[in-house]
>>> print(open('data_7.txt').read())   # compact mmCIF, C-alpha atoms
# COMPACT_ATOMS: atom_id res chain seq x y z
CA MET N 1 150.74 30.44 70.77
CA ALA N 2 148.68 31.98 73.61
CA THR N 3 150.18 33.54 76.68
CA GLU N 4 147.89 33.99 79.68
CA LEU N 5 148.50 36.88 82.07
CA MET N 6 146.85 36.76 85.49
CA CYS N 7 146.85 38.89 88.66
CA LEU N 8 148.69 41.98 87.50
CA GLN N 9 149.89 44.16 90.32
CA TYR N 10 147.71 47.16 91.22
CA ARG N 11 149.93 50.14 90.59
CA PRO N 12 148.90 53.82 90.64
CA ILE N 13 150.33 55.86 87.78
CA SER N 14 151.10 59.59 87.86
CA LEU N 15 151.41 61.55 84.64
CA THR N 16 152.42 65.13 84.15
CA HIS N 17 152.05 66.55 80.61
CA LYS N 18 151.92 69.96 78.96
CA LEU N 19 149.06 70.61 76.55
CA PHE N 20 147.95 73.64 74.58
CA ARG N 21 144.45 75.04 74.84
CA ASN N 22 143.08 74.62 71.28
CA PRO N 23 145.88 74.04 68.72
CA LEU N 24 146.42 77.31 66.80
CA PRO N 25 148.63 78.51 63.97
CA LYS N 26 152.14 79.48 64.82
CA VAL N 27 151.40 83.17 64.33
CA ILE N 28 149.08 83.19 67.38
CA GLN N 29 150.58 82.96 70.89
CA ALA N 30 149.20 79.98 72.81
CA THR N 31 149.18 79.62 76.61
CA PRO N 32 150.59 76.31 77.93
CA LEU N 33 148.44 74.41 80.42
CA THR N 34 149.91 71.94 82.90
CA LEU N 35 147.69 68.97 83.81
CA LYS N 36 148.38 66.33 86.44
CA LEU N 37 146.63 63.03 85.83
CA ARG N 38 146.42 60.05 88.17
CA CYS N 39 145.37 56.75 86.60
CA SER N 40 144.75 53.39 88.25
CA VAL N 41 144.14 49.99 86.72
CA SER N 42 142.37 47.02 88.27
CA THR N 43 143.80 43.69 87.16
CA GLU N 44 141.35 41.23 88.64
CA ASN N 45 140.70 38.22 86.43
CA VAL N 46 142.21 39.80 83.34
CA SER N 47 143.31 37.52 80.53
CA PHE N 48 144.09 37.99 76.87
CA THR N 49 145.35 36.03 73.93
CA GLU N 50 148.43 37.25 72.12
CA LYS N 51 147.82 37.67 68.43
CA GLU N 52 150.10 38.28 65.57
CA THR N 53 150.54 41.96 64.76
CA GLU N 54 148.99 42.92 61.40
CA THR N 55 150.76 45.46 59.26
CA ARG N 56 148.46 48.23 58.01
CA ARG N 57 148.27 48.40 54.22
CA SER N 58 149.50 51.58 52.60
CA ALA N 59 148.69 53.06 49.20
CA ASN N 60 152.02 54.95 49.24
CA TYR N 61 150.40 58.31 48.56
CA GLU N 62 152.67 61.29 48.21
CA PRO N 63 152.78 63.66 51.23
CA ASN N 64 150.31 66.55 51.14
CA SER N 65 152.06 69.62 49.72
CA TRP N 66 149.49 72.02 51.21
CA ASP N 67 150.21 72.35 54.91
CA TYR N 68 147.84 73.97 57.39
CA ASP N 69 149.80 77.21 57.70
CA TYR N 70 149.83 77.73 53.93
CA LEU N 71 146.06 77.30 53.68
CA LEU N 72 145.52 79.85 56.42
CA SER N 73 147.89 82.34 54.84
CA SER N 74 145.81 82.47 51.63
CA ASP N 75 142.57 83.23 53.49
CA THR N 76 143.15 86.74 54.70
CA ASP N 77 140.49 89.26 55.62
CA GLU N 78 141.64 91.50 52.79
CA SER N 79 141.22 88.84 50.08
CA ILE N 80 137.78 87.88 51.41
CA GLU N 81 136.57 91.46 51.16
CA VAL N 82 137.88 91.74 47.58
CA TYR N 83 135.90 88.66 46.50
CA LYS N 84 132.77 89.84 48.30
CA ASP N 85 132.99 93.16 46.50
CA LYS N 86 133.34 91.45 43.11
CA ALA N 87 130.40 89.16 43.85
CA LYS N 88 128.16 92.11 44.75
CA LYS N 89 129.06 93.95 41.54
CA LEU N 90 128.39 90.87 39.38
CA GLU N 91 125.07 90.18 41.12
CA ALA N 92 123.97 93.78 40.59
CA GLU N 93 124.94 93.58 36.90
CA VAL N 94 123.00 90.35 36.35
CA ARG N 95 119.94 91.74 38.15
CA ARG N 96 120.10 94.87 35.98
CA GLU N 97 120.18 92.77 32.78
CA ILE N 98 117.26 90.59 33.89
CA ASN N 99 115.15 93.64 34.67
CA ASN N 100 116.04 95.40 31.41
CA GLU N 101 112.68 95.91 29.71
CA LYS N 102 114.39 96.64 26.39
CA ALA N 103 116.26 93.33 26.32
CA GLU N 104 115.59 90.94 23.43
CA PHE N 105 113.58 87.94 24.48
CA PHE N 106 116.00 85.22 23.38
CA THR N 107 118.97 87.08 24.94
CA LEU N 108 117.15 87.30 28.26
CA LEU N 109 116.11 83.66 28.03
CA GLU N 110 119.72 82.56 27.56
CA LEU N 111 120.79 84.68 30.55
CA ILE N 112 118.12 83.15 32.78
CA ASP N 113 119.09 79.68 31.59
CA ASN N 114 122.76 80.31 32.43
CA VAL N 115 121.89 81.64 35.88
CA GLN N 116 119.76 78.56 36.59
CA ARG N 117 122.45 76.16 35.37
CA LEU N 118 124.99 77.80 37.69
CA GLY N 119 122.68 77.11 40.61
CA LEU N 120 122.16 80.82 41.31
CA GLY N 121 118.49 81.08 40.41
CA TYR N 122 117.49 81.37 44.08
CA ARG N 123 119.24 84.77 44.26
CA PHE N 124 117.15 86.17 41.40
CA GLU N 125 113.78 84.44 41.86
CA SER N 126 111.64 87.59 41.99
CA ASP N 127 113.57 89.21 39.11
CA ILE N 128 113.18 86.15 36.87
CA ARG N 129 109.47 85.87 37.67
CA ARG N 130 108.84 89.52 36.79
CA ALA N 131 110.80 89.21 33.53
CA LEU N 132 108.88 86.12 32.38
CA ASP N 133 105.55 87.64 33.39
CA ARG N 134 106.44 90.69 31.32
CA PHE N 135 106.84 88.61 28.18
CA VAL N 136 103.76 86.50 28.84
CA SER N 137 101.61 89.62 29.21
CA SER N 138 103.00 90.98 25.95
CA GLY N 139 101.89 87.88 24.01
CA GLY N 140 104.90 85.57 24.32
CA PHE N 141 104.34 81.87 24.88
CA ASP N 142 100.57 81.91 24.44
CA ALA N 143 100.39 78.31 23.24
CA TRP N 144 100.04 77.55 27.17
CA ALA N 145 96.66 79.79 27.11
CA ASP N 146 95.39 78.87 23.52
CA LEU N 147 95.21 75.22 24.51
CA CYS N 148 93.03 75.99 27.53
CA ASN N 149 90.75 78.20 25.48
CA ALA N 150 90.44 75.50 22.83
CA PHE N 151 89.44 72.94 25.46
CA LEU N 152 86.84 75.32 26.86
CA GLN N 153 85.35 75.86 23.40
CA GLU N 154 85.03 72.11 22.83
CA ALA N 155 83.44 71.71 26.26
CA GLU N 156 80.89 74.39 25.34
CA TRP N 157 79.94 72.60 22.10
CA LEU N 158 79.59 69.34 23.97
CA TYR N 159 77.49 70.89 26.75
CA ASN N 160 75.15 72.61 24.29
CA LYS N 161 75.07 69.51 22.04
CA SER N 162 75.79 71.71 19.05
CA THR N 163 77.74 70.78 15.94
CA PRO N 164 79.87 73.65 14.60
CA THR N 165 80.75 74.13 10.96
CA PHE N 166 83.90 72.43 9.82
CA ASP N 167 85.83 75.72 9.57
CA ASP N 168 84.82 76.80 13.08
CA TYR N 169 85.61 73.39 14.49
CA PHE N 170 88.95 72.92 12.79
CA GLY N 171 90.13 76.47 13.52
CA ASN N 172 89.92 75.48 17.17
CA ALA N 173 90.65 71.75 17.02
CA TRP N 174 94.19 71.84 15.63
CA LYS N 175 95.16 73.86 18.72
CA SER N 176 93.34 71.54 21.13
CA SER N 177 95.36 68.65 19.67
CA SER N 178 98.25 69.99 21.84
CA GLY N 179 100.48 69.95 18.76
CA PRO N 180 101.38 73.66 18.96
CA LEU N 181 102.25 73.38 22.66
CA GLN N 182 104.43 70.31 22.09
CA LEU N 183 106.32 71.95 19.23
CA VAL N 184 106.93 75.24 21.08
CA PHE N 185 108.52 73.31 23.94
CA ALA N 186 110.42 71.11 21.49
CA TYR N 187 111.94 74.18 19.84
CA PHE N 188 113.76 75.20 23.01
CA ALA N 189 114.84 71.60 23.62
CA VAL N 190 116.46 70.92 20.23
CA VAL N 191 117.64 74.32 18.98
CA GLN N 192 121.08 75.45 20.18
CA ASN N 193 121.16 78.98 18.77
CA ILE N 194 117.81 80.65 19.43
CA LYS N 195 117.00 83.38 16.91
CA LYS N 196 114.69 86.34 17.29
CA GLU N 197 113.06 85.76 13.90
CA GLU N 198 112.25 82.17 14.80
CA ILE N 199 110.73 83.18 18.14
CA GLU N 200 108.49 85.71 16.43
CA ASN N 201 107.29 83.09 13.95
CA LEU N 202 106.59 80.63 16.74
CA GLN N 203 104.31 83.20 18.34
CA LYS N 204 102.49 83.65 15.04
CA TYR N 205 102.06 79.87 14.64
CA HIS N 206 104.20 79.49 11.54
CA ASP N 207 103.26 76.74 9.07
CA ILE N 208 105.85 74.46 10.67
CA ILE N 209 103.72 74.63 13.82
CA SER N 210 100.24 74.57 12.30
CA ARG N 211 100.59 71.96 9.54
CA PRO N 212 101.91 69.06 11.65
CA SER N 213 99.22 69.97 14.20
CA HIS N 214 96.60 69.79 11.43
CA ILE N 215 97.68 66.26 10.58
CA PHE N 216 97.83 65.36 14.28
CA ARG N 217 94.19 66.45 14.74
CA LEU N 218 92.87 64.94 11.50
CA CYS N 219 94.50 61.55 12.12
CA ASN N 220 93.11 61.50 15.64
CA ASP N 221 89.60 62.39 14.46
CA LEU N 222 89.65 59.73 11.74
CA ALA N 223 90.52 57.06 14.30
CA SER N 224 87.91 58.11 16.86
CA ALA N 225 85.10 59.46 14.65
CA SER N 226 82.84 56.38 14.64
CA ALA N 227 83.08 55.90 18.40
CA GLU N 228 82.48 59.60 19.09
CA ILE N 229 79.48 59.77 16.78
CA ALA N 230 78.06 56.67 18.51
CA ARG N 231 78.54 58.36 21.91
CA GLY N 232 76.69 61.44 20.70
CA GLU N 233 79.72 63.72 20.67
CA THR N 234 79.23 66.45 18.08
CA ALA N 235 82.65 68.07 17.58
CA ASN N 236 84.79 65.97 15.25
CA SER N 237 86.30 66.60 11.82
CA VAL N 238 84.17 63.90 10.24
CA SER N 239 80.85 64.83 11.86
CA CYS N 240 81.40 68.55 11.22
CA TYR N 241 82.27 67.85 7.57
CA MET N 242 79.12 65.75 7.25
CA LEU N 243 77.00 68.63 8.57
CA THR N 244 78.74 71.36 6.55
CA LYS N 245 78.71 69.53 3.22
CA GLY N 246 75.57 67.43 3.78
CA ILE N 247 77.33 64.17 2.93
CA SER N 248 77.64 60.69 4.41
CA GLU N 249 80.18 59.58 7.00
CA GLU N 250 82.00 57.58 4.33
CA LEU N 251 82.40 60.57 2.01
CA ALA N 252 83.34 62.86 4.91
CA THR N 253 86.03 60.38 5.97
CA GLU N 254 87.43 60.35 2.45
CA SER N 255 87.47 64.17 2.38
CA VAL N 256 89.41 64.30 5.67
CA MET N 257 91.97 61.85 4.29
CA ASN N 258 92.39 64.11 1.25
CA LEU N 259 93.04 67.07 3.58
CA ILE N 260 95.82 65.09 5.22
CA ASP N 261 97.41 64.35 1.84
CA GLU N 262 97.24 68.01 0.81
CA THR N 263 98.89 69.09 4.07
CA TRP N 264 101.73 66.61 3.56
CA LYS N 265 102.35 68.01 0.10
CA LYS N 266 102.72 71.51 1.54
CA MET N 267 105.15 70.33 4.21
CA ASN N 268 107.24 68.40 1.69
CA LYS N 269 107.39 71.46 -0.54
CA GLU N 270 108.70 73.57 2.34
CA LYS N 271 111.26 70.91 3.17
CA LEU N 272 112.60 70.86 -0.38
CA GLY N 273 112.60 74.64 -0.67
CA GLY N 274 114.35 75.26 2.61
CA SER N 275 112.83 76.25 5.93
CA LEU N 276 113.23 79.35 8.06
CA PHE N 277 113.84 77.13 11.08
CA ALA N 278 116.90 75.11 12.02
CA LYS N 279 116.95 71.57 10.63
CA PRO N 280 116.67 69.77 14.02
CA PHE N 281 113.44 71.58 14.83
CA PHE N 282 112.02 71.15 11.32
CA GLU N 283 112.62 67.39 11.56
CA THR N 284 111.00 67.33 14.99
CA ALA N 285 107.89 68.99 13.56
CA ILE N 286 107.78 66.52 10.67
CA ASN N 287 108.12 63.65 13.15
CA LEU N 288 105.01 64.85 15.01
CA ALA N 289 103.01 64.32 11.82
CA ARG N 290 104.63 60.92 11.24
CA GLN N 291 103.91 59.89 14.81
CA SER N 292 100.26 60.77 14.29
CA HIS N 293 99.93 58.22 11.49
CA CYS N 294 101.69 55.59 13.57
CA THR N 295 99.52 56.17 16.64
CA TYR N 296 96.15 56.36 14.86
CA HIS N 297 96.71 54.11 11.84
CA ASN N 298 94.76 51.15 13.21
CA GLY N 299 92.38 53.00 15.51
CA ASP N 300 92.99 55.19 18.54
CA ALA N 301 96.10 53.58 20.00
CA HIS N 302 96.26 56.31 22.63
CA THR N 303 92.92 55.78 24.37
CA SER N 304 92.24 52.20 23.18
CA PRO N 305 95.59 50.44 22.67
CA ASP N 306 95.34 47.11 20.85
CA GLU N 307 97.75 44.17 20.81
CA LEU N 308 99.85 45.74 18.04
CA THR N 309 100.31 48.89 20.12
CA ARG N 310 101.33 46.85 23.17
CA LYS N 311 103.91 44.98 21.12
CA ARG N 312 105.35 48.25 19.83
CA VAL N 313 105.71 49.60 23.35
CA LEU N 314 107.34 46.40 24.56
CA SER N 315 109.75 46.32 21.61
CA VAL N 316 110.90 49.88 22.30
CA ILE N 317 111.09 49.84 26.11
CA THR N 318 111.25 46.27 27.41
CA GLU N 319 112.58 43.78 24.88
CA PRO N 320 116.33 43.80 24.30
CA ILE N 321 117.84 44.49 20.88
CA LEU N 322 119.43 41.24 19.73
CA PRO N 323 122.75 41.38 17.86
CA PHE N 324 122.63 40.82 14.12
CA GLU N 325 124.09 37.47 13.10
CA ARG N 326 125.56 37.08 9.67
>>> encode(input="data_7.txt", output="structure tokens")
Amino acid sequence: MATELMCLQYRPISLTHKLFRNPLPKVIQATPLTLKLRCSVSTENVSFTEKETETRRSANYEPNSWDYDYLLSSDTDESIEVYKDKAKKLEAEVRREINNEKAEFFTLLELIDNVQRLGLGYRFESDIRRALDRFVSSGGFDAWADLCNAFLQEAEWLYNKSTPTFDDYFGNAWKSSSGPLQLVFAYFAVVQNIKKEEIENLQKYHDIISRPSHIFRLCNDLASASAEIARGETANSVSCYMLTKGISEELATESVMNLIDETWKKMNKEKLGGSLFAKPFFETAINLARQSHCTYHNGDAHTSPDELTRKRVLSVITEPILPFER
């Protein structure tokens, strides 16, 4: 039901009220301020419709047990200074450890990783940069560098239109495959407990790095050899084997396939005999070799993907896995 209200009387209103300047904790003396307010309301042509009053919903939360005074009491100047002092000491200790030139590489790497995960890397940026530069200059992580040099060597052969011997070519080509770089990064992604001995063997390109990279390169060259020879490119396992041994493309292709088989035998022997490296990383390295066969089995599926390759990609990424029905 609506009730209409018209022509309310004009009535000045005086209000006297005491307010505090800025509400403060009880422990601080506040000065009362007296304000006198005069309000007036015009009621010309005012109308409204009376509505039913809605009750605000409540979640029935328990009252807050931490009142304002309690929160202020725990934040004293003395306690703040104590925490600041502790923070400065810890920061100095961390900085000293990062800049310790005698620190073991994997120990320092774990420390840097922890600092970054805590979101504190910005406080040690220059220290971290100097520490990593120190290890790079001493020969650590040179996969990133070997790959560039390998690419430059291949570019030189191509520019000069020269065909190297198979040994010269392959000594460079297994690095240009990017296999070593992929596996070095994979090591730090899959291994939980980094060991000094393993790091040292990574830097020396242990067999678990080189052999899967050999297969990676040989499989790639087998798939692209005919097209590269037709384009006049000279650096390829098949073409270099043809030149070195003086044999046909068919026989050179067969010889490269035999090299792949021999490399697999060596990797399987190491797997059965036990590897220096943790099992997750060893399996990752083996999977690089397996992936090579899958990618290059029916041609170069990387640079010239066929219908089979497209279907594989769709089945892995796009198409849903249907439930098995008995």
>>> atom_distance(input="data_7.txt", atom1="atom CA of Phe277 of chain N", atom2="atom CA of Tyr205 of chain N")
12.6 Å
>>> closest_residue(input="data_7.txt", among="N:Asp221, N:Glu233, N:Glu154, N:Glu78", to="Thr253 of chain N", atoms="only C-alpha atoms")
N:Asp221
>>> residues_around(input="data_7.txt", residues="Ser178 of chain N", least_positions_apart="4", cutoff="9 Å", atoms="all atoms listed in the file", output="ChimeraX atom specification")
/N:143,147,174,182-183,213,216-217
>>> closest_atom_pairs(input="data_7.txt", of="segment 107-213 of chain N", to="segment 286-290 of chain N", cutoff="12 Å", atoms="all atoms listed in the file", output="JSON lines")
{"residue": "N:Ser177", "atom": "CA", "partner": "N:Leu288", "partner_atom": "CA", "distance": 11.4}
{"residue": "N:Ser178", "atom": "CA", "partner": "N:Leu288", "partner_atom": "CA", "distance": 10.9}
{"residue": "N:Gly179", "atom": "CA", "partner": "N:Leu288", "partner_atom": "CA", "distance": 7.8}
{"residue": "N:Pro180", "atom": "CA", "partner": "N:Leu288", "partner_atom": "CA", "distance": 10.3}
{"residue": "N:Leu181", "atom": "CA", "partner": "N:Leu288", "partner_atom": "CA", "distance": 11.8}
{"residue": "N:Gln182", "atom": "CA", "partner": "N:Leu288", "partner_atom": "CA", "distance": 9.0}
{"residue": "N:Leu183", "atom": "CA", "partner": "N:Leu288", "partner_atom": "CA", "distance": 8.4}
{"residue": "N:Ala186", "atom": "CA", "partner": "N:Leu288", "partner_atom": "CA", "distance": 10.5}
{"residue": "N:Asp207", "atom": "CA", "partner": "N:Ile286", "partner_atom": "CA", "distance": 11.3}
{"residue": "N:Ile208", "atom": "CA", "partner": "N:Ile286", "partner_atom": "CA", "distance": 8.2}
{"residue": "N:Ile209", "atom": "CA", "partner": "N:Ile286", "partner_atom": "CA", "distance": 9.6}
{"residue": "N:Ser210", "atom": "CA", "partner": "N:Ala289", "partner_atom": "CA", "distance": 10.6}
{"residue": "N:Arg211", "atom": "CA", "partner": "N:Ala289", "partner_atom": "CA", "distance": 8.3}
{"residue": "N:Pro212", "atom": "CA", "partner": "N:Ala289", "partner_atom": "CA", "distance": 4.9}
{"residue": "N:Ser213", "atom": "CA", "partner": "N:Ala289", "partner_atom": "CA", "distance": 7.2}
>>> atom_distance(input="data_7.txt", atom1="atom CA of Leu111 of chain N", atom2="atom CA of Ser126 of chain N")
14.9 Å
